[in-house]
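One file, model21.cif, is given below (mmCIF, C-alpha atoms).
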```cif
data_data
#
loop_
_atom_site.label_atom_id
_atom_site.label_comp_id
_atom_site.auth_asym_id
_atom_site.auth_seq_id
_atom_site.Cartn_x
_atom_site.Cartn_y
_atom_site.Cartn_z
CA MET A 214 -3.34 -5.98 -33.50
CA ASN A 215 -6.68 -4.49 -32.37
CA GLU A 216 -7.25 -2.57 -29.16
CA ALA A 217 -8.60 -5.56 -27.21
CA ALA A 218 -5.51 -7.59 -28.08
CA GLN A 219 -3.21 -4.70 -27.17
CA LEU A 220 -4.84 -4.39 -23.75
CA ALA A 221 -4.64 -8.14 -23.16
CA TYR A 222 -0.96 -8.29 -24.03
CA ALA A 223 -0.23 -5.20 -21.95
CA HIS A 224 -1.85 -6.94 -18.98
CA CYS A 225 0.41 -9.97 -19.50
CA ASP A 226 3.47 -7.72 -19.69
CA ALA A 227 2.55 -6.01 -16.40
CA LEU A 228 1.79 -9.33 -14.70
CA LEU A 229 5.12 -10.82 -15.74
CA ARG A 230 7.06 -7.71 -14.77
CA ARG A 231 5.50 -7.72 -11.30
CA ASP A 232 5.47 -11.44 -10.46
CA ASP A 233 8.31 -12.93 -12.53
CA PRO A 234 10.92 -10.19 -13.02
CA ASP A 235 13.70 -12.60 -14.07
CA ARG A 236 11.77 -13.90 -17.05
CA TRP A 237 10.56 -10.37 -17.82
CA LEU A 238 14.13 -9.02 -17.87
CA ALA A 239 15.22 -11.93 -20.07
CA SER A 240 12.40 -11.14 -22.50
CA LEU A 241 13.94 -7.70 -23.17
CA PHE A 242 16.60 -9.49 -25.21
CA LEU A 243 14.00 -11.11 -27.48
CA PRO A 244 12.74 -9.64 -30.77
CA THR A 245 10.28 -6.85 -30.01
CA ALA A 246 7.56 -8.24 -32.24
CA LEU A 247 7.63 -11.63 -30.53
CA ARG A 248 7.95 -10.39 -26.95
CA PRO A 249 4.18 -9.97 -26.27
CA HIS A 250 3.55 -13.59 -27.23
CA VAL A 251 6.27 -14.81 -24.88
CA HIS A 252 4.72 -12.66 -22.14
CA ALA A 253 1.33 -14.28 -22.80
CA LEU A 254 2.82 -17.75 -22.45
CA TYR A 255 4.53 -16.96 -19.16
CA ALA A 256 1.53 -15.05 -17.84
CA PHE A 257 -0.49 -18.24 -18.33
CA GLY A 258 2.15 -20.09 -16.30
CA LEU A 259 1.82 -17.52 -13.53
CA GLU A 260 -1.97 -17.75 -13.52
CA ILE A 261 -1.80 -21.51 -13.04
CA ALA A 262 0.96 -21.26 -10.43
CA ARG A 263 -0.97 -18.86 -8.22
CA VAL A 264 -4.21 -20.84 -8.07
CA ARG A 265 -3.41 -22.31 -4.65
CA ARG A 266 -3.07 -18.81 -3.19
CA LEU A 267 -6.47 -17.82 -4.55
CA VAL A 268 -8.60 -20.70 -3.29
CA SER A 269 -9.66 -21.81 0.16
CA GLU A 270 -9.72 -25.54 -0.58
CA PRO A 271 -8.23 -27.89 -3.20
CA MET A 272 -11.52 -28.65 -4.94
CA LEU A 273 -11.94 -24.97 -5.85
CA GLY A 274 -8.46 -25.06 -7.33
CA GLU A 275 -9.36 -28.11 -9.40
CA ILE A 276 -12.40 -26.24 -10.72
CA ARG A 277 -10.17 -23.35 -11.82
CA PHE A 278 -7.80 -25.77 -13.51
CA GLN A 279 -10.69 -27.39 -15.35
CA TRP A 280 -11.77 -23.96 -16.61
CA TRP A 281 -8.30 -23.44 -18.09
CA ARG A 282 -8.35 -26.90 -19.67
CA GLU A 283 -11.63 -25.99 -21.34
CA VAL A 284 -10.18 -22.67 -22.49
CA LEU A 285 -7.33 -24.55 -24.16
CA ALA A 286 -9.85 -26.90 -25.77
CA GLY A 287 -11.76 -23.93 -27.22
CA GLU A 288 -14.84 -24.55 -25.10
CA ARG A 289 -14.93 -21.22 -23.23
CA GLU A 290 -14.59 -18.74 -26.07
CA SER A 291 -16.75 -15.92 -24.71
CA GLU A 292 -15.34 -16.24 -21.19
CA ALA A 293 -11.78 -16.37 -22.52
CA GLU A 294 -12.32 -13.13 -24.41
CA ALA A 295 -13.10 -11.44 -21.07
CA ASN A 296 -9.94 -12.77 -19.42
CA PRO A 297 -6.84 -10.89 -20.69
CA VAL A 298 -4.41 -13.75 -20.06
CA ALA A 299 -6.67 -16.30 -21.74
CA PHE A 300 -7.32 -13.91 -24.64
CA ALA A 301 -3.60 -13.28 -25.22
CA LEU A 302 -2.71 -16.94 -24.77
CA LEU A 303 -5.24 -18.19 -27.31
CA ASP A 304 -4.18 -15.50 -29.77
CA THR A 305 -0.54 -16.55 -29.31
CA LEU A 306 -1.33 -20.24 -29.77
CA MET A 307 -3.16 -19.44 -33.00
CA ARG A 308 -0.56 -17.06 -34.43
CA HIS A 309 2.35 -19.41 -33.76
CA ASP A 310 0.58 -22.73 -34.24
CA LEU A 311 1.71 -23.93 -30.82
CA PRO A 312 0.63 -27.32 -29.44
CA ARG A 313 -1.82 -27.18 -26.57
CA ALA A 314 -0.96 -30.54 -25.02
CA PRO A 315 2.13 -29.23 -23.16
CA LEU A 316 0.04 -26.50 -21.55
CA ALA A 317 -2.64 -28.99 -20.52
CA ALA A 318 0.14 -31.14 -19.03
CA LEU A 319 1.37 -28.09 -17.10
CA ILE A 320 -2.08 -27.73 -15.55
CA ASP A 321 -2.14 -31.41 -14.63
CA ALA A 322 1.28 -31.16 -12.96
CA ARG A 323 0.13 -28.17 -10.92
CA LEU A 324 -2.52 -30.32 -9.25
CA PHE A 325 0.30 -31.22 -6.86
CA ASP A 326 0.33 -27.60 -5.66
CA LEU A 327 -3.18 -27.85 -4.26
CA TYR A 328 -2.29 -30.43 -1.62
CA ASP A 329 0.25 -30.60 1.21
CA ALA A 330 1.78 -34.01 0.56
CA PRO A 331 5.57 -33.82 0.04
CA MET A 332 7.10 -34.58 -3.32
CA PRO A 333 7.82 -38.35 -3.10
CA SER A 334 10.98 -38.72 -5.19
CA ILE A 335 13.61 -37.04 -7.31
CA ALA A 336 12.10 -38.60 -10.42
CA MET A 337 8.70 -37.07 -9.65
CA LEU A 338 10.28 -33.69 -8.87
CA GLU A 339 12.07 -33.74 -12.22
CA ALA A 340 8.84 -34.69 -13.99
CA TYR A 341 7.05 -31.82 -12.23
CA ALA A 342 9.84 -29.40 -13.19
CA GLU A 343 9.78 -30.58 -16.77
CA ALA A 344 6.02 -30.09 -17.07
CA THR A 345 5.88 -26.70 -15.36
CA SER A 346 9.13 -25.10 -16.51
CA ALA A 347 10.82 -26.94 -19.38
CA ARG A 348 7.64 -27.10 -21.47
CA LEU A 349 7.30 -23.32 -21.25
CA PHE A 350 10.89 -22.92 -22.45
CA GLN A 351 10.17 -25.30 -25.33
CA CYS A 352 7.04 -23.39 -26.35
CA THR A 353 8.92 -20.10 -26.11
CA GLY A 354 11.59 -21.55 -28.37
CA ARG A 355 8.96 -22.40 -30.98
CA ILE A 356 7.71 -18.81 -30.90
CA LEU A 357 11.25 -17.59 -31.59
CA ASP A 358 12.05 -20.29 -34.13
CA PRO A 359 9.27 -22.50 -35.55
CA ASN A 360 11.95 -24.88 -36.83
CA ALA A 361 13.44 -25.56 -33.39
CA GLY A 362 14.07 -29.28 -33.34
CA PRO A 363 14.68 -32.14 -30.91
CA GLU A 364 18.14 -30.90 -29.93
CA PHE A 365 16.64 -27.67 -28.64
CA ALA A 366 13.89 -29.64 -26.88
CA ARG A 367 16.55 -31.68 -25.04
CA ALA A 368 18.46 -28.54 -24.07
CA ALA A 369 15.24 -26.90 -22.88
CA ARG A 370 14.37 -29.95 -20.78
CA HIS A 371 17.61 -29.78 -18.79
CA ALA A 372 17.48 -25.98 -18.63
CA GLY A 373 13.89 -26.01 -17.42
CA ILE A 374 14.51 -28.59 -14.72
CA ALA A 375 17.55 -26.68 -13.43
CA TYR A 376 15.60 -23.41 -13.47
CA ALA A 377 12.65 -24.94 -11.62
CA LEU A 378 14.83 -26.62 -8.98
CA THR A 379 16.65 -23.36 -8.33
CA GLY A 380 13.37 -21.48 -8.05
CA LEU A 381 11.81 -24.01 -5.70
CA MET A 382 14.79 -23.80 -3.35
CA ARG A 383 14.66 -20.01 -3.43
CA ALA A 384 10.96 -20.14 -2.58
CA LEU A 385 11.36 -22.65 0.25
CA PRO A 386 10.43 -20.19 3.05
CA TRP A 387 7.13 -19.23 1.41
CA HIS A 388 6.22 -22.77 0.45
CA ALA A 389 7.01 -24.14 3.92
CA ALA A 390 4.90 -21.42 5.54
CA THR A 391 1.85 -22.68 3.62
CA GLY A 392 2.58 -26.36 4.23
CA GLN A 393 3.98 -27.13 0.79
CA VAL A 394 7.09 -29.32 0.53
CA TYR A 395 8.64 -29.71 -2.90
CA LEU A 396 11.82 -31.27 -1.50
CA PRO A 397 11.66 -35.00 -2.34
CA ALA A 398 10.82 -37.18 0.64
CA GLU A 399 13.49 -39.68 -0.42
CA VAL A 400 16.17 -36.96 -0.22
CA LEU A 401 14.94 -35.70 3.15
CA GLU A 402 14.91 -39.25 4.52
CA ARG A 403 18.38 -39.97 3.17
CA HIS A 404 19.79 -37.10 5.22
CA GLY A 405 17.58 -37.56 8.27
CA ALA A 406 15.45 -34.47 7.68
CA VAL A 407 11.80 -34.49 8.78
CA VAL A 408 8.96 -33.06 6.69
CA VAL A 409 7.24 -31.53 9.73
CA ALA A 410 10.47 -29.72 10.64
CA VAL A 411 10.64 -28.27 7.14
CA GLN A 412 7.04 -27.09 7.37
CA SER A 413 7.89 -25.54 10.76
CA GLY A 414 10.83 -23.60 9.32
CA ILE A 415 13.56 -25.41 11.27
CA ALA A 416 16.91 -25.10 9.46
CA SER A 417 18.65 -28.27 10.61
CA PRO A 418 22.00 -29.67 9.38
CA ALA A 419 19.98 -32.51 7.85
CA LEU A 420 17.92 -30.07 5.81
CA ARG A 421 21.05 -28.23 4.67
CA ALA A 422 22.52 -31.54 3.50
CA ALA A 423 19.33 -32.34 1.58
CA LEU A 424 19.40 -28.93 -0.09
CA ALA A 425 23.06 -29.40 -1.01
CA GLU A 426 22.09 -32.61 -2.81
CA LEU A 427 19.38 -30.77 -4.71
CA ARG A 428 21.81 -28.01 -5.68
CA ALA A 429 24.09 -30.70 -7.07
CA LEU A 430 21.12 -32.11 -8.99
CA ALA A 431 20.36 -28.66 -10.43
CA ARG A 432 23.99 -28.21 -11.45
CA GLY A 433 23.95 -31.61 -13.09
CA HIS A 434 21.12 -30.46 -15.34
CA LEU A 435 22.91 -27.17 -16.00
CA ALA A 436 25.97 -29.13 -17.13
CA LYS A 437 23.88 -31.29 -19.46
CA PHE A 438 22.21 -28.17 -20.85
CA ALA A 439 25.60 -26.53 -21.46
CA ALA A 440 26.94 -29.62 -23.20
CA ILE A 441 23.99 -29.59 -25.59
CA SER A 442 23.90 -25.83 -26.09
CA GLU A 443 27.52 -25.74 -27.26
CA ALA A 444 26.39 -27.50 -30.43
CA LYS A 445 22.99 -25.82 -30.63
CA GLY A 446 22.25 -22.84 -32.82
CA GLY A 447 19.14 -21.14 -34.11
CA GLY A 448 16.96 -18.35 -32.84
CA ALA A 449 15.30 -20.55 -30.22
CA ALA A 450 18.39 -20.36 -27.98
CA ALA A 451 17.31 -16.98 -26.58
CA ALA A 452 14.31 -18.69 -24.97
CA LEU A 453 16.70 -20.18 -22.41
CA LEU A 454 18.30 -16.90 -21.27
CA PRO A 455 16.69 -17.00 -17.78
CA VAL A 456 18.79 -20.07 -16.99
CA SER A 457 21.92 -17.88 -17.00
CA LEU A 458 20.84 -16.64 -13.55
CA CYS A 459 20.74 -20.06 -11.90
CA GLU A 460 24.41 -20.48 -10.99
CA ALA A 461 24.54 -17.11 -9.24
CA TYR A 462 21.56 -18.07 -7.10
CA LEU A 463 23.00 -21.51 -6.36
CA ARG A 464 26.30 -19.97 -5.24
CA GLN A 465 24.44 -17.81 -2.72
CA MET A 466 22.96 -20.99 -1.27
CA ASP A 467 26.44 -22.54 -1.05
CA ARG A 468 27.56 -19.97 1.54
CA ARG A 469 28.13 -21.16 5.08
CA SER A 470 25.92 -18.33 6.34
CA TYR A 471 22.98 -19.51 4.24
CA ASP A 472 19.81 -20.09 6.25
CA PRO A 473 17.15 -21.79 4.09
CA PHE A 474 14.35 -19.91 5.83
CA GLU A 475 15.94 -16.53 6.46
CA THR A 476 18.42 -15.79 3.67
CA MET A 477 16.88 -13.99 0.71
CA ILE A 478 18.34 -15.48 -2.47
CA GLN A 479 18.28 -12.61 -4.89
CA LEU A 480 20.47 -10.45 -7.13
CA PRO A 481 20.28 -6.70 -7.70
CA GLN A 482 18.66 -5.87 -11.00
CA TRP A 483 21.86 -4.56 -12.56
CA ARG A 484 23.60 -7.91 -11.93
CA ARG A 485 20.72 -9.84 -13.42
CA GLN A 486 20.70 -7.61 -16.48
CA TRP A 487 24.48 -7.97 -16.84
CA ARG A 488 24.34 -11.78 -16.66
CA LEU A 489 21.47 -11.89 -19.13
CA TRP A 490 23.33 -9.52 -21.48
CA ARG A 491 26.43 -11.70 -21.38
CA ALA A 492 24.37 -14.81 -22.08
CA ALA A 493 22.59 -13.06 -24.96
CA ARG A 494 25.91 -12.01 -26.50
CA ALA A 495 27.25 -15.54 -26.18
CA ILE A 496 24.48 -16.94 -28.36
CA GLY A 497 24.81 -14.12 -30.89
#
```
Is it possible to give me this structure as structure tokens?
Amino acid sequence: MNEAAQLAYAHCDALLRRDDPDRWLASLFLPTALRPHVHALYAFGLEIARVRRLVSEPMLGEIRFQWWREVLAGERESEAEANPVAFALLDTLMRHDLPRAPLAALIDARLFDLYDAPMPSIAMLEAYAEATSARLFQCTGRILDPNAGPEFARAARHAGIAYALTGLMRALPWHAATGQVYLPAEVLERHGAVVVAVQSGIASPALRAALAELRALARGHLAKFAAISEAKGGGAAAALLPVSLCEAYLRQMDRRSYDPFETMIQLPQWRRQWRLWRAARAIG
């Protein structure tokens, strides 16, 4: 690996460690030689996820997304070489012969982030979670094991949806403060919660009931993932280690004292490392 590649991958490592510490900690249990490529994949996910915060209006975000689509299509070679995340991502895609369509689909799903309309339904939330989270798990699995098959893809789908749902509920205070509502409108309506109240940071009993339903949905996907993973082997399994943190976060939200806008849902680093270590040992 030449110096330019080393610098690009080091940038991805630092970005992941700063902005996505759970996935970064989980990556420590992956083979050392493959870790930089996993970091590049997740750094790309972070770059796309933060576009809304970097632009003043949706159209500027769409322009940034189009640039990334063109990078994936190989149309921005010189510009990609100057961007460390793009450089490392393209190098990773080439070295591991990864498909680019799932990453283009991730960009398309993130268009939702640029606007303030609430997520309409559970089905659309699951589709969003699959595109933005599960696909990254599936690509990571292919880095770890090029022969990972459809059984792993099914496990990664449920794992990714559960991981995304948990993360979106943890991030509710920050999303609401910027006008974003990822909670499905159909769930809010079913419990009598109002979108404007969510955007205003009002923790009503109706909102708590809606969040309880979403926690049950996340746990349903965790159960389906566990049922598949019991019969799943291969080196790709380690790609799903971050999911071992979900239940601990969900239990914190189960507490009667939980305030969706005030309670920080987090674990000390030693507990995260311990849970990840246990999960890593369980898959051998």
Taking 6 positions as the minimum chain separation for residues in the same chain, which residues sit within 12 Å of region 477-488 of chain A when counting only C-alpha atoms? Answer as a PyMOL selection string. chain A and resi 234-242+379-387+454-468+470-471+494-495
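Nearest to Ser417 (chain A) of all the residues A:Ala439, A:Phe474, A:Pro397, A:Phe278 is A:Phe474, based on all atoms listed in the file.
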Test item: residues at most 10 Å from Gly354 (chain A), all atoms listed in the file, excluding those fewer than 2 positions along its chain, as a list in words: Val251, Arg348, Leu349, Phe350, Gln351, Cys352, Ile356, Leu357, Asp358, Pro359, Asn360, Ala361, Gly362, Phe365, Ala366, Ala369, Gly447, Gly448, Ala449, Ala450, Ala451, Ala452 and Leu453 of chain A
File dump, residues just selected, C-alpha atoms, as a PDB file, keeping the file's coordinate frame:
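What landed in selection36.pdb:
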```
ATOM      1  CA  VAL A 251       6.270 -14.810 -24.880  1.00  0.00           C
ATOM      2  CA  ARG A 348       7.640 -27.100 -21.470  1.00  0.00           C
ATOM      3  CA  LEU A 349       7.300 -23.320 -21.250  1.00  0.00           C
ATOM      4  CA  PHE A 350      10.890 -22.920 -22.450  1.00  0.00           C
ATOM      5  CA  GLN A 351      10.170 -25.300 -25.330  1.00  0.00           C
ATOM      6  CA  CYS A 352       7.040 -23.390 -26.350  1.00  0.00           C
ATOM      7  CA  ILE A 356       7.710 -18.810 -30.900  1.00  0.00           C
ATOM      8  CA  LEU A 357      11.250 -17.590 -31.590  1.00  0.00           C
ATOM      9  CA  ASP A 358      12.050 -20.290 -34.130  1.00  0.00           C
ATOM     10  CA  PRO A 359       9.270 -22.500 -35.550  1.00  0.00           C
ATOM     11  CA  ASN A 360      11.950 -24.880 -36.830  1.00  0.00           C
ATOM     12  CA  ALA A 361      13.440 -25.560 -33.390  1.00  0.00           C
ATOM     13  CA  GLY A 362      14.070 -29.280 -33.340  1.00  0.00           C
ATOM     14  CA  PHE A 365      16.640 -27.670 -28.640  1.00  0.00           C
ATOM     15  CA  ALA A 366      13.890 -29.640 -26.880  1.00  0.00           C
ATOM     16  CA  ALA A 369      15.240 -26.900 -22.880  1.00  0.00           C
ATOM     17  CA  GLY A 447      19.140 -21.140 -34.110  1.00  0.00           C
ATOM     18  CA  GLY A 448      16.960 -18.350 -32.840  1.00  0.00           C
ATOM     19  CA  ALA A 449      15.300 -20.550 -30.220  1.00  0.00           C
ATOM     20  CA  ALA A 450      18.390 -20.360 -27.980  1.00  0.00           C
ATOM     21  CA  ALA A 451      17.310 -16.980 -26.580  1.00  0.00           C
ATOM     22  CA  ALA A 452      14.310 -18.690 -24.970  1.00  0.00           C
ATOM     23  CA  LEU A 453      16.700 -20.180 -22.410  1.00  0.00           C
TER      24      LEU A 453
END
```
Using only C-alpha atoms, which residues sit within 12 Å of Ala344 (chain A) once same-chain residues fewer than 2 positions away are excluded, as a count of residues only? 32
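Minimum distance to Glu216 (chain A) across A:Ala246, A:Gly274, A:Pro297, A:Glu402 (counting only C-alpha atoms) occurs at A:Pro297.
Straight-line separation from CA of Tyr222 (chain A) to CA of Ala301 (chain A): 5.8 Å.
Computed from the coordinates, the CA of Ser334 (chain A) to CA of Val400 (chain A) distance equals 7.4 Å.
When all atoms listed in the file are used to measure the gap to Leu285 (chain A), the shortest distance among A:Leu273, A:Leu396, A:Met214, A:Leu311 belongs to A:Leu311.
Nearest to Arg263 (chain A) of all the residues A:Arg491, A:His224, A:His388, A:Arg367 is A:His388, counting all atoms listed in the file.
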At what distance in Å, to one decimal, does CA of Lys437 (chain A) lie from CA of Pro312 (chain A)? 25.6 Å
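For the residues A:Ala398, A:Ala419, A:Ala293, A:Ala299, ranking by smallest atom-to-atom distance to Cys225 (chain A) using only C-alpha atoms places A:Ala299 first.
Proximity of A:Ala416, A:His250, A:Ala422, A:Leu430 to His404 (chain A), computed with all atoms listed in the file, is greatest for A:Ala422.
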Using 4 Å of padding on each side, determine the axis-aligned box around all atoms of region 380-395 of chain A present in the file and give its centre and edge lengths in Å to one decimal, as JSON.
```
{"center_x": 8.3, "center_y": -24.5, "center_z": -1.3, "size_x": 20.9, "size_y": 18.5, "size_z": 21.6}
```
